[in-house]
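Here is the structure we will look at, set down as structure tokens.
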Number of protein chains: 2
Amino acid sequence: MKDKLTVIKVGGGIIYDPIILDKFLVSFSKIKGYKLLVHGGGNITSNYLSRLGIQTEIVDGRRITNESTLDVAIMTYAGLINKTIVCKLQKYKCNSIGLSGVDCNLIKAVKRPINKIDYGLVGDITEINDVFLNTLLKSKVTPVICSLSHDGNGQIFNTNADTIASFLSIKLTKDFNVTLKYCFDKSGVLNDRNSLIKTINLSNYKNLINEKIISGGMIPKIENCFSALKQGVSNIFIGGNNVINNENYCTKLTLE
Amino acid sequence: MKDKLTVIKVGGGIIYDPIILDKFLVSFSKIKGYKLLVHGGGNITSNYLSRLGIQTEIVDGRRITNESTLDVAIMTYAGLINKTIVCKLQKYKCNSIGLSGVDCNLIKAVKRPINKIDYGLVGDITEINDVFLNTLLKSKVTPVICSLSHDGNGQIFNTNADTIASFLSIKLTKDFNVTLKYCFDKSGVLNDRNSLIKTINLSNYKNLINEKIISGGMIPKIENCFSALKQGVSNIFIGGNNVINNENYCTKLTLE
């Protein structure tokens with residue numbers, strides 16, 4: 001039987017508030033067995049972009065990554081946020097290592113092809129170095145991975161953290177029984193009366209989109225989840241800080 | 001017989017210029033056998049501090065590290081510079097991993113005691129996780145280490161990169177025959193007529209200080225070197241980009 005691995009993706013809303021982040025990291029450090037954390041940058045990156053007077057173009061709600069934006073993403077994702085998280089996890093006796101996609105060629109990617117919109121320096125994942133992750137996990141080191149990839153030819157890319165969490169989870173099903181949890185600043189996927197949708201499966205998903213209860217950034221997040229379930233990930237949950245300990249008060253994704 | 005390990009510390013002057021950095025990394029990637037790179041941030045950090053309007057206090061030529069300064073140091077050292085270097089090394093087929101002192105508790109430190117001057121969030125090294133470095137090196141991964149340490153209790157510190165290079169080298173003499181090279185924007189230690197001093201040993205060092213040929217920041221650099229030689233490091237050189245391939249045109253440090 002494969003060992004259990006918990007992959008957690010933590011969202012920008014939790015990272016931004018030091019007190020909430022700390023509470024999250026205390027819970028994360030207590031997860032039993034193998035675990036891995038994926039994060040982006042969210043508001044901290046936007047905040048530094050604005051302080052540096054770097055204008056960013058937003059198309060269809062997505063930021064276009066130019067060179068200056070990428071530099072700030074690298075500084076905040078791989079620098080400030082990643083090392084702050086790892087340093088706090090060490091305090092909570094969870095031995096961890098901060099990684100980006102360039103380190104040991106963890107995440108290789110190609111520039112997203114231009115199809116109507118040129119998103120700039122954004123990478124679509126082509127390869128994951130799961131052997132390296134497996135070695136770290138088996139030596140009781142917890143990887144903390146930020147949302148950067150590279151092309152192997154000297155170019156770093158911005159890559160969506162949700163997508164990275166999903167790709168890593170799928171790749172690691174080879175060696176582990178994987179549970180994937182998306183942690184953000186709501187208790188899960190909410191309906192139009194702001195109450196929690198406890199289960200989303202392939203059949204009610206279409207209705208939820210038609211009724212516009214699920215829209216915007218939540219659509220690719222859920223598409224990623226279904227794709228991961230189809231490719232062998234055992235369980236997927238979307239929820240708040242509590243989703244780490246309590247799988248009852250959050251949204252569970254299932255195929256059927 | 002122990003395997004040879006080359007430890008290189010690269011200075012801010014080389015890091016700041018993308019063309020010179022690239023040339024340096026091409027040479028670095030060609031070093032045969034085990035190798036390890038240590039870097040700080042230098043001008044790139046100062047540049048971002050100034051763009052962000054963060055005032056820094058300089059006492060006796062040393063920057064006082066307050067919380068805002070430390071955040072920018074973490075962003076530039078562990079983020080922008082570290083990942084740019086690792087990404088370029090991957091391009092040159094040198095499989096590398098970017099690390100700070102927090103990752104796997106690589107460098108633990110205590111806040112520098114206040115003795116006349118309070119340097120702020122600056123750490124004095126207490127412990128190096130050489131077992132982890134040894135494991136990486138033996139699996140043919142090249143560590144790229146930035147100049148940050150931590151106290152194990154949630155606080156990151158700024159720590160001098162020269163000192164880190166020297167401490168790591170000493171610690172790794174247990175498993176390797178270590179050569180340490182300091183690479184910066186001059187060809188070595190220069191005398192008052194700007195020509196290269198080929199050898200500095202314990203006896204001519206005192207004269208060089210008395211004659212004020214060696215002064216300022218060069219003094220702790222050379223003290224670090226002597227300390228490392230006394231503790232088992234085999235060879236130490238200070239030079240420019242060329243010192244990687246050519247040990248004849250640089251300054252060699254020896255005890256006798």
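Residues in the structure tokens are numbered from 1 in each chain, the chains being A, B, ... in the order shown, and ligands are numbered from 1 in the order shown.
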- Message: Show me, as an MDAnalysis selection string, the residues of chain B whose atoms get within 7 Å of chain A, using only C-alpha atoms for the distance check.
- Response: chainID B and resid 51:52 71 74:76 78:80 83 86:88 90:91 95:98 102:104 152:154 156
- Message: List as an MDAnalysis selection string the protein and nucleic acid residues near Arg112 (chain B), meaning an atom at most 12 Å away when only C-alpha atoms are counted, but skip any in the same chain fewer than 4 places from it.
- Response: chainID B and resid 64:65 116:126 149:151 157:160
- Please give the complete set of residues from region 78-236 of chain B that DSSP, run on the backbone, assigns to helix (DSSP H, G or I), formatted as a ChimeraX atom specification. /B:78-91,103-105,130-138,161-172,202-210,218-230
- Name the closest residue to Val38 (chain B) among the candidates B:Lys2, B:Ile58, B:Cys183, B:Lys23; distances are taken between atoms, counting only C-alpha atoms. B:Cys183
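Proximity to Leu133 (chain A) at 10 Å, evaluated using only C-alpha atoms and with sequence-adjacent residues fewer than 2 positions away removed, yields Leu36, Cys104, Leu106, Ile128, Asn129, Asp130, Val131, Thr135, Leu136, Leu137, Lys138, Ser139, Val141, Thr142, Pro143, Leu168 and Leu172 of chain A.
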- Query: So how far away is CA of Tyr205 (chain A) from CA of Ile219 (chain A), in Å?
  - Reply: 9.6 Å
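Atom pair CA of Val59 (chain B) / CA of Gly11 (chain B) has a distance of 21.0 Å (rounded to one decimal).
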- May I have all residues of region 35-217 of chain A that DSSP, computed from the backbone, assigns to strand (DSSP E), given as an MDAnalysis selection string? chainID A and resid 35:39 58:59 62:63 96:99 107:111 123:128 142:146 148:150 156:158 176:183 199:200
Write a file of the just-selected residues containing N, CA and C atoms, as a compact mmCIF listing (two decimals), in the first residue's frame.
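Contents of again.txt, as written:
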```
# COMPACT_ATOMS: atom_id res chain seq x y z
N LYS A 35 4.07 15.46 3.67
CA LYS A 35 3.30 16.63 3.25
C LYS A 35 4.16 17.57 2.42
N LEU A 36 3.46 18.43 1.69
CA LEU A 36 4.13 19.34 0.75
C LEU A 36 3.25 20.58 0.63
N LEU A 37 3.88 21.76 0.54
CA LEU A 37 3.12 23.00 0.48
C LEU A 37 3.43 23.76 -0.82
N VAL A 38 2.39 24.27 -1.47
CA VAL A 38 2.57 25.08 -2.68
C VAL A 38 1.95 26.46 -2.42
N HIS A 39 2.66 27.52 -2.82
CA HIS A 39 2.12 28.88 -2.63
C HIS A 39 2.46 29.78 -3.80
N ILE A 58 -3.77 44.28 -16.91
CA ILE A 58 -4.66 43.17 -16.55
C ILE A 58 -5.60 42.92 -17.74
N VAL A 59 -5.59 41.70 -18.26
CA VAL A 59 -6.51 41.35 -19.34
C VAL A 59 -7.39 40.18 -18.86
N ARG A 62 -6.58 38.71 -15.63
CA ARG A 62 -5.26 38.09 -15.42
C ARG A 62 -4.15 39.10 -15.68
N ARG A 63 -3.16 39.10 -14.80
CA ARG A 63 -2.04 40.02 -14.94
C ARG A 63 -1.11 39.54 -16.05
N SER A 96 11.80 21.86 6.72
CA SER A 96 11.32 22.13 5.37
C SER A 96 12.41 22.76 4.51
N ILE A 97 12.15 22.78 3.21
CA ILE A 97 13.09 23.36 2.25
C ILE A 97 12.26 24.15 1.24
N GLY A 98 12.69 25.39 0.98
CA GLY A 98 11.99 26.25 0.02
C GLY A 98 12.52 26.01 -1.38
N LEU A 99 11.62 25.83 -2.32
CA LEU A 99 12.04 25.52 -3.70
C LEU A 99 11.22 26.33 -4.70
N ILE A 107 10.40 22.20 -11.92
CA ILE A 107 9.24 22.40 -12.81
C ILE A 107 9.71 23.04 -14.10
N LYS A 108 9.69 22.27 -15.19
CA LYS A 108 10.04 22.83 -16.49
C LYS A 108 8.77 23.20 -17.24
N ALA A 109 8.88 24.22 -18.08
CA ALA A 109 7.69 24.75 -18.75
C ALA A 109 8.06 25.36 -20.09
N VAL A 110 7.04 25.65 -20.90
CA VAL A 110 7.24 26.43 -22.13
C VAL A 110 6.40 27.69 -22.00
N LYS A 111 6.83 28.74 -22.68
CA LYS A 111 6.06 29.98 -22.67
C LYS A 111 4.67 29.69 -23.23
N GLY A 123 4.48 30.44 -17.93
CA GLY A 123 4.88 29.12 -18.43
C GLY A 123 3.82 28.06 -18.23
N ASP A 124 3.64 27.22 -19.24
CA ASP A 124 2.78 26.04 -19.12
C ASP A 124 3.68 24.83 -18.83
N ILE A 125 3.35 24.10 -17.78
CA ILE A 125 4.21 23.02 -17.27
C ILE A 125 4.38 21.89 -18.29
N THR A 126 5.64 21.44 -18.47
CA THR A 126 5.91 20.30 -19.36
C THR A 126 6.50 19.11 -18.59
N GLU A 127 7.16 19.39 -17.46
CA GLU A 127 7.91 18.32 -16.78
C GLU A 127 8.05 18.62 -15.29
N ILE A 128 7.88 17.59 -14.48
CA ILE A 128 8.06 17.72 -13.02
C ILE A 128 9.14 16.74 -12.59
N THR A 142 10.10 18.51 4.26
CA THR A 142 8.85 19.00 3.66
C THR A 142 9.14 20.08 2.62
N PRO A 143 8.85 19.82 1.34
CA PRO A 143 9.09 20.84 0.31
C PRO A 143 8.05 21.96 0.38
N VAL A 144 8.52 23.20 0.29
CA VAL A 144 7.65 24.38 0.21
C VAL A 144 7.93 25.02 -1.14
N ILE A 145 6.96 24.91 -2.05
CA ILE A 145 7.22 25.20 -3.46
C ILE A 145 6.49 26.45 -3.93
N CYS A 146 7.22 27.41 -4.51
CA CYS A 146 6.57 28.62 -5.00
C CYS A 146 6.28 28.49 -6.49
N LEU A 148 6.89 29.30 -9.57
CA LEU A 148 7.78 29.71 -10.66
C LEU A 148 8.27 28.46 -11.37
N SER A 149 8.38 28.55 -12.69
CA SER A 149 8.92 27.44 -13.49
C SER A 149 10.04 28.01 -14.37
N HIS A 150 10.66 27.18 -15.21
CA HIS A 150 11.67 27.71 -16.14
C HIS A 150 11.75 26.82 -17.38
N ILE A 156 13.01 32.25 -16.58
CA ILE A 156 12.07 31.90 -15.51
C ILE A 156 10.67 32.32 -15.95
N PHE A 157 9.65 31.55 -15.54
CA PHE A 157 8.25 31.89 -15.84
C PHE A 157 7.42 31.95 -14.57
N ASN A 158 6.38 32.77 -14.65
CA ASN A 158 5.33 32.80 -13.66
C ASN A 158 4.37 31.65 -14.01
N PHE A 176 2.75 7.81 -4.09
CA PHE A 176 1.96 8.08 -2.89
C PHE A 176 0.46 8.01 -3.16
N ASN A 177 -0.29 7.86 -2.09
CA ASN A 177 -1.74 7.99 -2.09
C ASN A 177 -2.01 9.46 -1.74
N VAL A 178 -2.38 10.25 -2.76
CA VAL A 178 -2.34 11.72 -2.60
C VAL A 178 -3.70 12.34 -2.27
N THR A 179 -3.72 13.16 -1.22
CA THR A 179 -4.86 14.02 -0.92
C THR A 179 -4.43 15.46 -1.19
N LEU A 180 -5.23 16.18 -1.98
CA LEU A 180 -4.89 17.56 -2.34
C LEU A 180 -5.89 18.51 -1.71
N LYS A 181 -5.39 19.53 -1.00
CA LYS A 181 -6.29 20.49 -0.34
C LYS A 181 -5.94 21.91 -0.75
N TYR A 182 -6.94 22.63 -1.27
CA TYR A 182 -6.76 24.04 -1.59
C TYR A 182 -7.30 24.86 -0.43
N CYS A 183 -6.38 25.63 0.19
CA CYS A 183 -6.72 26.43 1.37
C CYS A 183 -6.80 27.88 0.99
N THR A 199 -20.41 19.34 -1.82
CA THR A 199 -19.82 18.44 -2.81
C THR A 199 -20.00 19.00 -4.21
N ILE A 200 -18.93 18.95 -4.99
CA ILE A 200 -19.06 19.28 -6.42
C ILE A 200 -18.61 18.05 -7.19
```
- Task: Might you pull out every residue within 12 Å of Ile222 (chain B), with only C-alpha atoms counted and same-chain residues fewer than 4 positions away left off, and present them as a PyMOL selection string?
- Result: chain B and resi 162-163+166+181-182+188-189+199-202+205-206+208-209+214-218+226-229+236-238+251-255
May I have the selected residues written with N, CA and C atoms, as a compact mmCIF listing (two decimals), in the first residue's frame?
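Saved as result_4.txt:
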```txt
# COMPACT_ATOMS: atom_id res chain seq x y z
N ASP B 162 30.95 36.48 2.90
CA ASP B 162 32.35 36.03 3.04
C ASP B 162 32.47 35.08 4.23
N THR B 163 31.81 35.46 5.33
CA THR B 163 31.88 34.65 6.54
C THR B 163 31.19 33.30 6.31
N SER B 166 33.45 31.04 4.35
CA SER B 166 34.54 30.56 5.18
C SER B 166 34.05 29.47 6.16
N LYS B 181 37.65 30.08 -3.02
CA LYS B 181 38.02 31.19 -3.89
C LYS B 181 37.03 32.34 -3.74
N TYR B 182 37.57 33.52 -3.43
CA TYR B 182 36.73 34.72 -3.38
C TYR B 182 36.86 35.45 -4.71
N GLY B 188 42.51 40.81 -7.47
CA GLY B 188 43.02 40.25 -6.22
C GLY B 188 43.19 41.39 -5.24
N VAL B 189 44.04 41.17 -4.23
CA VAL B 189 44.34 42.28 -3.32
C VAL B 189 45.43 43.13 -3.97
N THR B 199 50.98 37.05 -2.93
CA THR B 199 50.82 36.19 -1.75
C THR B 199 50.66 37.02 -0.48
N ILE B 200 49.70 36.64 0.32
CA ILE B 200 49.60 37.25 1.65
C ILE B 200 49.71 36.12 2.67
N ASN B 201 50.72 36.26 3.56
CA ASN B 201 50.83 35.28 4.63
C ASN B 201 50.79 36.00 5.98
N LEU B 202 50.81 35.23 7.05
CA LEU B 202 50.66 35.83 8.38
C LEU B 202 51.71 36.90 8.65
N TYR B 205 51.21 40.11 6.25
CA TYR B 205 49.87 40.69 6.49
C TYR B 205 49.95 41.88 7.46
N LYS B 206 50.72 41.69 8.54
CA LYS B 206 50.81 42.76 9.54
C LYS B 206 51.43 44.02 8.93
N LEU B 208 51.36 44.86 5.77
CA LEU B 208 50.39 45.43 4.81
C LEU B 208 49.33 46.26 5.54
N ILE B 209 48.97 45.83 6.75
CA ILE B 209 48.00 46.63 7.53
C ILE B 209 48.68 47.90 8.06
N ILE B 214 46.37 47.30 3.17
CA ILE B 214 45.12 46.58 3.42
C ILE B 214 44.34 47.36 4.47
N SER B 215 43.09 47.69 4.15
CA SER B 215 42.27 48.45 5.10
C SER B 215 40.79 48.16 4.86
N GLY B 216 39.96 48.73 5.70
CA GLY B 216 38.49 48.66 5.54
C GLY B 216 37.97 47.24 5.47
N GLY B 217 37.09 47.00 4.50
CA GLY B 217 36.39 45.73 4.37
C GLY B 217 37.31 44.57 4.03
N MET B 218 38.53 44.88 3.54
CA MET B 218 39.46 43.79 3.17
C MET B 218 40.00 43.09 4.42
N PHE B 226 42.49 33.53 6.94
CA PHE B 226 43.48 32.91 7.83
C PHE B 226 42.81 31.93 8.77
N SER B 227 41.65 32.33 9.28
CA SER B 227 40.92 31.46 10.19
C SER B 227 40.57 30.14 9.49
N ALA B 228 40.14 30.23 8.23
CA ALA B 228 39.78 29.03 7.48
C ALA B 228 41.01 28.16 7.22
N LEU B 229 42.14 28.77 6.87
CA LEU B 229 43.37 28.00 6.63
C LEU B 229 43.79 27.27 7.90
N ILE B 236 43.36 28.95 -0.42
CA ILE B 236 42.45 30.09 -0.53
C ILE B 236 43.03 31.12 -1.51
N PHE B 237 42.19 31.57 -2.43
CA PHE B 237 42.59 32.58 -3.42
C PHE B 237 41.57 33.71 -3.43
N ILE B 238 42.05 34.94 -3.67
CA ILE B 238 41.15 36.09 -3.87
C ILE B 238 41.46 36.66 -5.25
N THR B 251 45.46 36.69 -5.76
CA THR B 251 46.18 36.70 -4.48
C THR B 251 45.98 35.37 -3.78
N LYS B 252 47.11 34.73 -3.43
CA LYS B 252 47.02 33.46 -2.71
C LYS B 252 47.25 33.73 -1.22
N LEU B 253 46.40 33.15 -0.40
CA LEU B 253 46.57 33.32 1.04
C LEU B 253 47.26 32.09 1.61
N THR B 254 48.31 32.28 2.41
CA THR B 254 48.95 31.13 3.04
C THR B 254 49.29 31.50 4.48
N LEU B 255 49.49 30.48 5.30
CA LEU B 255 49.82 30.78 6.70
C LEU B 255 51.29 31.14 6.83
```
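Using only C-alpha atoms, the nearest neighbour of Leu21 (chain A) within the list A:Asn246, A:Gln231, A:Asn241, A:Thr45 is A:Asn241.
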